[in-house]
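Note sheet for the following structure.
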Amino acid sequence: MTRKQKRLSIILSSMTLGGFAILLIVIAARDNLLYFHSPSDIIAKSPEASKRIRMGGMVVENSIRKTETTVNYFAVTDYAETIQVEFNGILPDLFRECQGVVAEGIVNENNIFIADTVLAKHDESYMPPEIAESLKQEQGGREIGCKSYDESQG
């Protein structure tokens with residue numbers, strides 16, 4: 001084997017191993033990605049019960065119910081659809097009605113979102129771009145306002 005052939009075989013072996021490593025990384029990362037969904041997306045598509053997703057929207061006014069334990073119930077809306085959320089944990093300090101929220105978890109067979117993480121927006125002017133765009137589309141470009149729990153049920 002000549003020197004040129006040895007160099008070529010080393011380069012080809014390295015590229016093959018590198019490609020295989022990249023393929024393994026992509027396959028592993030695909031299972032860990034959380035895609036953003038609005039309540040309308042969740043109701044329309046009904047994701048698998050075991051699939052973790054990220055949902056965002058506005059907390060519906062008068063929907064927060066706290067129990068004596070750390071289980072909390074509230075509703076999230078995108079102004080077209082409303083999803084009930086169950087969260088076992090301590091809610092963030094900035095969590096309140098009529099504010100943007102992002103929750104991570106799974107949807108059970110009754111279309112109740114079982115959250116294991118709840119993130120509240122951190123100041124008055126910030127809203128994740130995906131949530132803002134989704135809410136604007138559902139509102140028909142109108143100013144985003146607050147939806148009460150009674151309106152969300154009707």
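Simple scheme: letters A, B, ... for chains in structure tokens order, numbers from 1 for residues in each chain, numbers from 1 for ligands in the order shown.
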
Closest atom pairs, residues of segment 8-90 of chain A within 10 Å of segment 102-124 of chain A, only C-alpha atoms, as a tab-separated table:
```
residue	atom	partner	partner_atom	distance
A:Leu34	CA	A:Glu104	CA	8.2
A:Tyr35	CA	A:Glu104	CA	9.7
A:Phe36	CA	A:Val102	CA	8.9
A:His37	CA	A:Val102	CA	9.7
A:Ser38	CA	A:Val102	CA	9.7
A:Pro39	CA	A:Phe113	CA	9.6
A:Ile42	CA	A:Asn111	CA	8.2
A:Ile43	CA	A:Asn111	CA	7.3
A:Ser46	CA	A:Asn111	CA	7.7
A:Pro47	CA	A:Val107	CA	7.1
A:Glu48	CA	A:Val107	CA	7.5
A:Ala49	CA	A:Asn108	CA	5.2
A:Ser50	CA	A:Ile106	CA	6.4
A:Lys51	CA	A:Ile106	CA	6.0
A:Arg52	CA	A:Ile106	CA	4.9
A:Ile53	CA	A:Gly105	CA	5.7
A:Arg54	CA	A:Glu104	CA	4.4
A:Met55	CA	A:Ala103	CA	5.3
A:Gly56	CA	A:Val102	CA	4.3
A:Gly57	CA	A:Val102	CA	6.8
A:Met58	CA	A:Val102	CA	8.7
A:Val59	CA	A:Val102	CA	9.7
A:Asn72	CA	A:Ala115	CA	9.9
A:Tyr73	CA	A:Ile114	CA	9.6
A:Phe74	CA	A:Phe113	CA	9.9
A:Ala75	CA	A:Phe113	CA	9.3
A:Val76	CA	A:Val102	CA	9.3
A:Ile83	CA	A:Ile112	CA	6.5
A:Gln84	CA	A:Ile112	CA	5.3
A:Val85	CA	A:Phe113	CA	4.6
A:Glu86	CA	A:Ile114	CA	5.0
A:Phe87	CA	A:Ala115	CA	5.0
A:Asn88	CA	A:Asp116	CA	6.9
A:Gly89	CA	A:Asp116	CA	7.7
A:Ile90	CA	A:Val118	CA	9.0
```

- Query: Hey, what does DSSP flag as helix (DSSP H, G or I) within segment 9-129 of chain A? Can you give it to me as a VMD selection string?
  - Reply: chain A and resid 9 to 32 39 to 45 129

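Between atom CA of Val60 of chain A and atom CA of Thr77 of chain A there is a distance of 6.4 Å.
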